[in-house]
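Everything below belongs to data20.tsv, which stores TSV, N, CA and C atoms.
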chain	number	residue	atom	x	y	z
A	207	MET	N	-12.20	0.29	18.83
A	207	MET	CA	-11.80	1.11	17.70
A	207	MET	C	-12.23	0.43	16.41
A	208	TYR	N	-12.83	1.18	15.51
A	208	TYR	CA	-13.29	0.64	14.23
A	208	TYR	C	-12.25	0.90	13.15
A	209	ARG	N	-12.02	-0.13	12.36
A	209	ARG	CA	-11.11	0.03	11.22
A	209	ARG	C	-11.79	-0.58	10.01
A	210	GLN	N	-11.85	0.16	8.95
A	210	GLN	CA	-12.49	-0.32	7.73
A	210	GLN	C	-11.63	-1.40	7.08
A	211	HIS	N	-12.25	-2.52	6.74
A	211	HIS	CA	-11.54	-3.60	6.06
A	211	HIS	C	-11.39	-3.25	4.59
A	212	GLU	N	-10.21	-3.51	4.05
A	212	GLU	CA	-9.92	-3.19	2.66
A	212	GLU	C	-9.57	-4.45	1.90
A	213	ASP	N	-9.71	-4.39	0.60
A	213	ASP	CA	-9.38	-5.52	-0.26
A	213	ASP	C	-7.86	-5.55	-0.48
A	214	PRO	N	-7.18	-6.60	0.02
A	214	PRO	CA	-5.73	-6.63	-0.11
A	214	PRO	C	-5.25	-6.71	-1.55
A	215	ARG	N	-6.02	-7.35	-2.42
A	215	ARG	CA	-5.62	-7.46	-3.82
A	215	ARG	C	-5.65	-6.10	-4.52
A	216	ALA	N	-6.67	-5.32	-4.24
A	216	ALA	CA	-6.76	-3.98	-4.82
A	216	ALA	C	-5.64	-3.08	-4.30
A	217	LEU	N	-5.34	-3.23	-3.01
A	217	LEU	CA	-4.26	-2.43	-2.44
A	217	LEU	C	-2.91	-2.82	-3.04
A	218	GLU	N	-2.70	-4.11	-3.24
A	218	GLU	CA	-1.44	-4.56	-3.84
A	218	GLU	C	-1.30	-4.04	-5.27
A	219	LYS	N	-2.41	-4.01	-5.98
A	219	LYS	CA	-2.38	-3.48	-7.35
A	219	LYS	C	-1.98	-2.00	-7.33
A	220	ARG	N	-2.59	-1.24	-6.43
A	220	ARG	CA	-2.27	0.20	-6.31
A	220	ARG	C	-0.82	0.38	-5.87
A	221	LEU	N	-0.35	-0.47	-4.96
A	221	LEU	CA	1.04	-0.39	-4.49
A	221	LEU	C	2.00	-0.63	-5.64
A	222	LYS	N	1.72	-1.61	-6.46
A	222	LYS	CA	2.58	-1.90	-7.61
A	222	LYS	C	2.63	-0.70	-8.56
A	223	GLU	N	1.46	-0.10	-8.82
A	223	GLU	CA	1.40	1.07	-9.70
A	223	GLU	C	2.20	2.23	-9.12
A	224	LEU	N	2.06	2.45	-7.82
A	224	LEU	CA	2.75	3.56	-7.17
A	224	LEU	C	4.26	3.36	-7.20
A	225	LYS	N	4.71	2.12	-6.98
A	225	LYS	CA	6.14	1.83	-7.04
A	225	LYS	C	6.69	2.05	-8.45
A	226	GLU	N	5.92	1.67	-9.46
A	226	GLU	CA	6.36	1.89	-10.85
A	226	GLU	C	6.44	3.38	-11.15
A	227	GLU	N	5.45	4.13	-10.68
A	227	GLU	CA	5.45	5.58	-10.88
A	227	GLU	C	6.66	6.22	-10.18
A	228	TYR	N	6.94	5.75	-8.97
A	228	TYR	CA	8.10	6.25	-8.22
A	228	TYR	C	9.39	5.98	-8.99
A	229	LYS	N	9.51	4.78	-9.53
A	229	LYS	CA	10.72	4.41	-10.28
A	229	LYS	C	10.91	5.33	-11.48
A	230	VAL	N	9.84	5.57	-12.22
A	230	VAL	CA	9.91	6.43	-13.41
A	230	VAL	C	10.32	7.85	-13.00
A	231	LEU	N	9.69	8.37	-11.97
A	231	LEU	CA	10.00	9.74	-11.54
A	231	LEU	C	11.42	9.86	-11.03
A	232	SER	N	11.90	8.83	-10.32
A	232	SER	CA	13.27	8.90	-9.81
A	232	SER	C	14.28	8.84	-10.95
A	233	GLU	N	13.95	8.10	-12.00
A	233	GLU	CA	14.83	8.04	-13.17
A	233	GLU	C	14.82	9.36	-13.94
A	234	GLN	N	13.72	10.10	-13.83
A	234	GLN	CA	13.61	11.39	-14.51
A	234	GLN	C	14.11	12.53	-13.62
A	235	SER	N	14.70	12.18	-12.52
A	235	SER	CA	15.24	13.17	-11.58
A	235	SER	C	14.18	14.15	-11.08
A	236	ALA	N	13.08	13.60	-10.60
A	236	ALA	CA	12.02	14.43	-10.02
A	236	ALA	C	12.56	15.12	-8.77
A	237	ASP	N	11.87	16.18	-8.35
A	237	ASP	CA	12.35	16.90	-7.18
A	237	ASP	C	12.26	16.02	-5.93
A	238	GLU	N	13.15	16.29	-5.01
A	238	GLU	CA	13.30	15.46	-3.81
A	238	GLU	C	12.03	15.41	-2.96
A	239	ASP	N	11.32	16.52	-2.85
A	239	ASP	CA	10.10	16.56	-2.05
A	239	ASP	C	9.05	15.58	-2.60
A	240	THR	N	8.93	15.53	-3.91
A	240	THR	CA	7.98	14.62	-4.53
A	240	THR	C	8.36	13.17	-4.25
A	241	LEU	N	9.64	12.86	-4.38
A	241	LEU	CA	10.09	11.48	-4.14
A	241	LEU	C	9.92	11.08	-2.68
A	242	VAL	N	10.19	11.98	-1.77
A	242	VAL	CA	10.02	11.69	-0.35
A	242	VAL	C	8.54	11.46	-0.04
A	243	SER	N	7.70	12.29	-0.58
A	243	SER	CA	6.26	12.15	-0.37
A	243	SER	C	5.76	10.81	-0.91
A	244	MET	N	6.22	10.46	-2.10
A	244	MET	CA	5.81	9.19	-2.69
A	244	MET	C	6.34	8.01	-1.88
A	245	ALA	N	7.55	8.11	-1.38
A	245	ALA	CA	8.12	7.04	-0.56
A	245	ALA	C	7.28	6.84	0.71
A	246	MET	N	6.83	7.93	1.29
A	246	MET	CA	5.97	7.84	2.47
A	246	MET	C	4.62	7.21	2.12
A	247	ASP	N	4.08	7.57	0.96
A	247	ASP	CA	2.82	6.97	0.50
A	247	ASP	C	2.98	5.47	0.29
A	248	ILE	N	4.11	5.07	-0.27
A	248	ILE	CA	4.39	3.65	-0.51
A	248	ILE	C	4.46	2.91	0.83
A	249	GLU	N	5.16	3.49	1.78
A	249	GLU	CA	5.28	2.86	3.10
A	249	GLU	C	3.92	2.69	3.76
A	250	GLU	N	3.09	3.73	3.68
A	250	GLU	CA	1.75	3.66	4.27
A	250	GLU	C	0.92	2.58	3.57
A	251	LEU	N	1.02	2.52	2.27
A	251	LEU	CA	0.25	1.54	1.52
A	251	LEU	C	0.71	0.12	1.83
A	252	GLU	N	2.00	-0.07	2.04
A	252	GLU	CA	2.52	-1.38	2.42
A	252	GLU	C	1.93	-1.82	3.76
A	253	GLU	N	1.80	-0.90	4.70
A	253	GLU	CA	1.19	-1.21	5.99
A	253	GLU	C	-0.28	-1.57	5.81
A	254	ARG	N	-0.99	-0.84	4.96
A	254	ARG	CA	-2.41	-1.13	4.72
A	254	ARG	C	-2.58	-2.50	4.08
A	255	VAL	N	-1.67	-2.86	3.17
A	255	VAL	CA	-1.73	-4.18	2.55
A	255	VAL	C	-1.57	-5.25	3.63
A	256	ASN	N	-0.59	-5.06	4.49
A	256	ASN	CA	-0.35	-6.01	5.57
A	256	ASN	C	-1.59	-6.16	6.45
A	257	PHE	N	-2.18	-5.07	6.87
A	257	PHE	CA	-3.37	-5.13	7.71
A	257	PHE	C	-4.53	-5.79	6.97
A	258	ALA	N	-4.67	-5.50	5.70
A	258	ALA	CA	-5.76	-6.08	4.92
A	258	ALA	C	-5.63	-7.59	4.85
A	259	TRP	N	-4.41	-8.09	4.64
A	259	TRP	CA	-4.20	-9.55	4.62
A	259	TRP	C	-4.46	-10.14	6.00
A	260	GLN	N	-4.05	-9.46	7.05
A	260	GLN	CA	-4.32	-9.95	8.41
A	260	GLN	C	-5.81	-10.02	8.67
A	261	ASP	N	-6.54	-9.00	8.24
A	261	ASP	CA	-7.99	-9.00	8.41
A	261	ASP	C	-8.63	-10.17	7.67
A	262	GLU	N	-8.17	-10.40	6.45
A	262	GLU	CA	-8.75	-11.49	5.66
A	262	GLU	C	-8.46	-12.84	6.30
A	263	GLU	N	-7.23	-13.02	6.79
A	263	GLU	CA	-6.89	-14.28	7.47
A	263	GLU	C	-7.75	-14.46	8.71
A	264	HIS	N	-7.93	-13.40	9.46
A	264	HIS	CA	-8.75	-13.47	10.68
A	264	HIS	C	-10.18	-13.84	10.33
A	265	ASP	N	-10.73	-13.23	9.30
A	265	ASP	CA	-12.11	-13.51	8.89
A	265	ASP	C	-12.26	-14.96	8.45
A	266	GLU	N	-11.25	-15.51	7.80
A	266	GLU	CA	-11.31	-16.90	7.35
A	266	GLU	C	-11.25	-17.87	8.53
A	267	GLU	N	-10.51	-17.50	9.57
A	267	GLU	CA	-10.38	-18.37	10.74
A	267	GLU	C	-11.66	-18.41	11.58
A	268	TYR	N	-12.41	-17.32	11.57
A	268	TYR	CA	-13.59	-17.23	12.42
A	268	TYR	C	-14.78	-17.12	11.59
In structure tokens, write the structure found in this file.
Amino acid sequence: MYRQHEDPRALEKRLKELKEEYKVLSEQSADEDTLVSMAMDIEELEERVNFAWQDEEHDEEY
């Protein structure tokens, strides 16, 4: 199975931005569907960050 390697630093930057956006929208009482969707996006991005760091560590070892 092929998986595209991603830059963990760029993903972390996007994750930080998305979390800040989520915080602002939740404080503004955004609709629940939007917040749930964003929470799912954040969770997915957190997984991608984790995989990206694992890929980088693996590449450094070999």
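Restricting the calculation to only N, CA and C atoms, the smallest distance between A:Arg215 and any of A:Asp237, A:Ala258, A:Glu253, A:Ser243 is found for A:Ala258.
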- Task: as a VMD selection string, please: all residues of chain A that backbone DSSP puts in alpha helix (DSSP H).
- Result: chain A and resid 214 to 233 238 to 267
Atoms kept (N, CA and C atoms) for selection, written as a compact mmCIF listing (two decimals), in the coordinates of the input:
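Result went into selection21.txt, see below:
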# COMPACT_ATOMS: atom_id res chain seq x y z
N PRO A 214 -7.18 -6.60 0.02
CA PRO A 214 -5.73 -6.63 -0.11
C PRO A 214 -5.25 -6.71 -1.55
N ARG A 215 -6.02 -7.35 -2.42
CA ARG A 215 -5.62 -7.46 -3.82
C ARG A 215 -5.65 -6.10 -4.52
N ALA A 216 -6.67 -5.32 -4.24
CA ALA A 216 -6.76 -3.98 -4.82
C ALA A 216 -5.64 -3.08 -4.30
N LEU A 217 -5.34 -3.23 -3.01
CA LEU A 217 -4.26 -2.43 -2.44
C LEU A 217 -2.91 -2.82 -3.04
N GLU A 218 -2.70 -4.11 -3.24
CA GLU A 218 -1.44 -4.56 -3.84
C GLU A 218 -1.30 -4.04 -5.27
N LYS A 219 -2.41 -4.01 -5.98
CA LYS A 219 -2.38 -3.48 -7.35
C LYS A 219 -1.98 -2.00 -7.33
N ARG A 220 -2.59 -1.24 -6.43
CA ARG A 220 -2.27 0.20 -6.31
C ARG A 220 -0.82 0.38 -5.87
N LEU A 221 -0.35 -0.47 -4.96
CA LEU A 221 1.04 -0.39 -4.49
C LEU A 221 2.00 -0.63 -5.64
N LYS A 222 1.72 -1.61 -6.46
CA LYS A 222 2.58 -1.90 -7.61
C LYS A 222 2.63 -0.70 -8.56
N GLU A 223 1.46 -0.10 -8.82
CA GLU A 223 1.40 1.07 -9.70
C GLU A 223 2.20 2.23 -9.12
N LEU A 224 2.06 2.45 -7.82
CA LEU A 224 2.75 3.56 -7.17
C LEU A 224 4.26 3.36 -7.20
N LYS A 225 4.71 2.12 -6.98
CA LYS A 225 6.14 1.83 -7.04
C LYS A 225 6.69 2.05 -8.45
N GLU A 226 5.92 1.67 -9.46
CA GLU A 226 6.36 1.89 -10.85
C GLU A 226 6.44 3.38 -11.15
N GLU A 227 5.45 4.13 -10.68
CA GLU A 227 5.45 5.58 -10.88
C GLU A 227 6.66 6.22 -10.18
N TYR A 228 6.94 5.75 -8.97
CA TYR A 228 8.10 6.25 -8.22
C TYR A 228 9.39 5.98 -8.99
N LYS A 229 9.51 4.78 -9.53
CA LYS A 229 10.72 4.41 -10.28
C LYS A 229 10.91 5.33 -11.48
N VAL A 230 9.84 5.57 -12.22
CA VAL A 230 9.91 6.43 -13.41
C VAL A 230 10.32 7.85 -13.00
N LEU A 231 9.69 8.37 -11.97
CA LEU A 231 10.00 9.74 -11.54
C LEU A 231 11.42 9.86 -11.03
N SER A 232 11.90 8.83 -10.32
CA SER A 232 13.27 8.90 -9.81
C SER A 232 14.28 8.84 -10.95
N GLU A 233 13.95 8.10 -12.00
CA GLU A 233 14.83 8.04 -13.17
C GLU A 233 14.82 9.36 -13.94
N GLU A 238 13.15 16.29 -5.01
CA GLU A 238 13.30 15.46 -3.81
C GLU A 238 12.03 15.41 -2.96
N ASP A 239 11.32 16.52 -2.85
CA ASP A 239 10.10 16.56 -2.05
C ASP A 239 9.05 15.58 -2.60
N THR A 240 8.93 15.53 -3.91
CA THR A 240 7.98 14.62 -4.53
C THR A 240 8.36 13.17 -4.25
N LEU A 241 9.64 12.86 -4.38
CA LEU A 241 10.09 11.48 -4.14
C LEU A 241 9.92 11.08 -2.68
N VAL A 242 10.19 11.98 -1.77
CA VAL A 242 10.02 11.69 -0.35
C VAL A 242 8.54 11.46 -0.04
N SER A 243 7.70 12.29 -0.58
CA SER A 243 6.26 12.15 -0.37
C SER A 243 5.76 10.81 -0.91
N MET A 244 6.22 10.46 -2.10
CA MET A 244 5.81 9.19 -2.69
C MET A 244 6.34 8.01 -1.88
N ALA A 245 7.55 8.11 -1.38
CA ALA A 245 8.12 7.04 -0.56
C ALA A 245 7.28 6.84 0.71
N MET A 246 6.83 7.93 1.29
CA MET A 246 5.97 7.84 2.47
C MET A 246 4.62 7.21 2.12
N ASP A 247 4.08 7.57 0.96
CA ASP A 247 2.82 6.97 0.50
C ASP A 247 2.98 5.47 0.29
N ILE A 248 4.11 5.07 -0.27
CA ILE A 248 4.39 3.65 -0.51
C ILE A 248 4.46 2.91 0.83
N GLU A 249 5.16 3.49 1.78
CA GLU A 249 5.28 2.86 3.10
C GLU A 249 3.92 2.69 3.76
N GLU A 250 3.09 3.73 3.68
CA GLU A 250 1.75 3.66 4.27
C GLU A 250 0.92 2.58 3.57
N LEU A 251 1.02 2.52 2.27
CA LEU A 251 0.25 1.54 1.52
C LEU A 251 0.71 0.12 1.83
N GLU A 252 2.00 -0.07 2.04
CA GLU A 252 2.52 -1.38 2.42
C GLU A 252 1.93 -1.82 3.76
N GLU A 253 1.80 -0.90 4.70
CA GLU A 253 1.19 -1.21 5.99
C GLU A 253 -0.28 -1.57 5.81
N ARG A 254 -0.99 -0.84 4.96
CA ARG A 254 -2.41 -1.13 4.72
C ARG A 254 -2.58 -2.50 4.08
N VAL A 255 -1.67 -2.86 3.17
CA VAL A 255 -1.73 -4.18 2.55
C VAL A 255 -1.57 -5.25 3.63
N ASN A 256 -0.59 -5.06 4.49
CA ASN A 256 -0.35 -6.01 5.57
C ASN A 256 -1.59 -6.16 6.45
N PHE A 257 -2.18 -5.07 6.87
CA PHE A 257 -3.37 -5.13 7.71
C PHE A 257 -4.53 -5.79 6.97
N ALA A 258 -4.67 -5.50 5.70
CA ALA A 258 -5.76 -6.08 4.92
C ALA A 258 -5.63 -7.59 4.85
N TRP A 259 -4.41 -8.09 4.64
CA TRP A 259 -4.20 -9.55 4.62
C TRP A 259 -4.46 -10.14 6.00
N GLN A 260 -4.05 -9.46 7.05
CA GLN A 260 -4.32 -9.95 8.41
C GLN A 260 -5.81 -10.02 8.67
N ASP A 261 -6.54 -9.00 8.24
CA ASP A 261 -7.99 -9.00 8.41
C ASP A 261 -8.63 -10.17 7.67
N GLU A 262 -8.17 -10.40 6.45
CA GLU A 262 -8.75 -11.49 5.66
C GLU A 262 -8.46 -12.84 6.30
N GLU A 263 -7.23 -13.02 6.79
CA GLU A 263 -6.89 -14.28 7.47
C GLU A 263 -7.75 -14.46 8.71
N HIS A 264 -7.93 -13.40 9.46
CA HIS A 264 -8.75 -13.47 10.68
C HIS A 264 -10.18 -13.84 10.33
N ASP A 265 -10.73 -13.23 9.30
CA ASP A 265 -12.11 -13.51 8.89
C ASP A 265 -12.26 -14.96 8.45
N GLU A 266 -11.25 -15.51 7.80
CA GLU A 266 -11.31 -16.90 7.35
C GLU A 266 -11.25 -17.87 8.53
N GLU A 267 -10.51 -17.50 9.57
CA GLU A 267 -10.38 -18.37 10.74
C GLU A 267 -11.66 -18.41 11.58
- Find the spatial neighbours of A:Leu224, counting only C-alpha atoms, within a cut-off of 10 Å - ignore same-chain residues fewer than 2 positions away - and output them as a VMD selection string. chain A and resid 218 to 222 226 to 230 244 to 245 247 to 248 251
Keeping N, CA and C atoms for every residue in the selection just given, could you write it to a file as a PDB file, keeping the file's coordinate frame?
ATOM      1  N   GLU A 218      -2.700  -4.110  -3.240  1.00  0.00           N
ATOM      2  CA  GLU A 218      -1.440  -4.560  -3.840  1.00  0.00           C
ATOM      3  C   GLU A 218      -1.300  -4.040  -5.270  1.00  0.00           C
ATOM      4  N   LYS A 219      -2.410  -4.010  -5.980  1.00  0.00           N
ATOM      5  CA  LYS A 219      -2.380  -3.480  -7.350  1.00  0.00           C
ATOM      6  C   LYS A 219      -1.980  -2.000  -7.330  1.00  0.00           C
ATOM      7  N   ARG A 220      -2.590  -1.240  -6.430  1.00  0.00           N
ATOM      8  CA  ARG A 220      -2.270   0.200  -6.310  1.00  0.00           C
ATOM      9  C   ARG A 220      -0.820   0.380  -5.870  1.00  0.00           C
ATOM     10  N   LEU A 221      -0.350  -0.470  -4.960  1.00  0.00           N
ATOM     11  CA  LEU A 221       1.040  -0.390  -4.490  1.00  0.00           C
ATOM     12  C   LEU A 221       2.000  -0.630  -5.640  1.00  0.00           C
ATOM     13  N   LYS A 222       1.720  -1.610  -6.460  1.00  0.00           N
ATOM     14  CA  LYS A 222       2.580  -1.900  -7.610  1.00  0.00           C
ATOM     15  C   LYS A 222       2.630  -0.700  -8.560  1.00  0.00           C
ATOM     16  N   GLU A 226       5.920   1.670  -9.460  1.00  0.00           N
ATOM     17  CA  GLU A 226       6.360   1.890 -10.850  1.00  0.00           C
ATOM     18  C   GLU A 226       6.440   3.380 -11.150  1.00  0.00           C
ATOM     19  N   GLU A 227       5.450   4.130 -10.680  1.00  0.00           N
ATOM     20  CA  GLU A 227       5.450   5.580 -10.880  1.00  0.00           C
ATOM     21  C   GLU A 227       6.660   6.220 -10.180  1.00  0.00           C
ATOM     22  N   TYR A 228       6.940   5.750  -8.970  1.00  0.00           N
ATOM     23  CA  TYR A 228       8.100   6.250  -8.220  1.00  0.00           C
ATOM     24  C   TYR A 228       9.390   5.980  -8.990  1.00  0.00           C
ATOM     25  N   LYS A 229       9.510   4.780  -9.530  1.00  0.00           N
ATOM     26  CA  LYS A 229      10.720   4.410 -10.280  1.00  0.00           C
ATOM     27  C   LYS A 229      10.910   5.330 -11.480  1.00  0.00           C
ATOM     28  N   VAL A 230       9.840   5.570 -12.220  1.00  0.00           N
ATOM     29  CA  VAL A 230       9.910   6.430 -13.410  1.00  0.00           C
ATOM     30  C   VAL A 230      10.320   7.850 -13.000  1.00  0.00           C
ATOM     31  N   MET A 244       6.220  10.460  -2.100  1.00  0.00           N
ATOM     32  CA  MET A 244       5.810   9.190  -2.690  1.00  0.00           C
ATOM     33  C   MET A 244       6.340   8.010  -1.880  1.00  0.00           C
ATOM     34  N   ALA A 245       7.550   8.110  -1.380  1.00  0.00           N
ATOM     35  CA  ALA A 245       8.120   7.040  -0.560  1.00  0.00           C
ATOM     36  C   ALA A 245       7.280   6.840   0.710  1.00  0.00           C
ATOM     37  N   ASP A 247       4.080   7.570   0.960  1.00  0.00           N
ATOM     38  CA  ASP A 247       2.820   6.970   0.500  1.00  0.00           C
ATOM     39  C   ASP A 247       2.980   5.470   0.290  1.00  0.00           C
ATOM     40  N   ILE A 248       4.110   5.070  -0.270  1.00  0.00           N
ATOM     41  CA  ILE A 248       4.390   3.650  -0.510  1.00  0.00           C
ATOM     42  C   ILE A 248       4.460   2.910   0.830  1.00  0.00           C
ATOM     43  N   LEU A 251       1.020   2.520   2.270  1.00  0.00           N
ATOM     44  CA  LEU A 251       0.250   1.540   1.520  1.00  0.00           C
ATOM     45  C   LEU A 251       0.710   0.120   1.830  1.00  0.00           C
TER      46      LEU A 251
END
Please report, as AutoDock Vina command-line options, the centre and edge lengths in Å to one decimal of an axis-aligned box covering all listed atoms of stretch 218-222 of chain A with 5 Å per side.
--center_x 0.0 --center_y -2.1 --center_z -5.9 --size_x 15.3 --size_y 14.9 --size_z 15.3
- What is the atom N of A:Trp259-atom N of A:Pro214 distance in Å, reported with one decimal?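 Computing it gives 5.6 Å between the two atoms.
Atom to atom, atom CA of A:His264 and atom CA of A:Glu250 stand 21.1 Å apart.
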- Query: In Å, how far is it from atom CA of A:Gln234 to atom CA of A:Glu252?
  - Reply: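 If I compute the distance from atom CA of A:Gln234 to atom CA of A:Glu252, I get 23.9 Å.
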- Message: When you look at A:Asp261 with a cut-off of 10 Å (counting only C-alpha atoms), what residues show up, excluding the ones that are within fewer than 5 positions of it in the same chain? I need them as an MDAnalysis selection string.
- Response: chainID A and resid 209:214 255:256 266:267
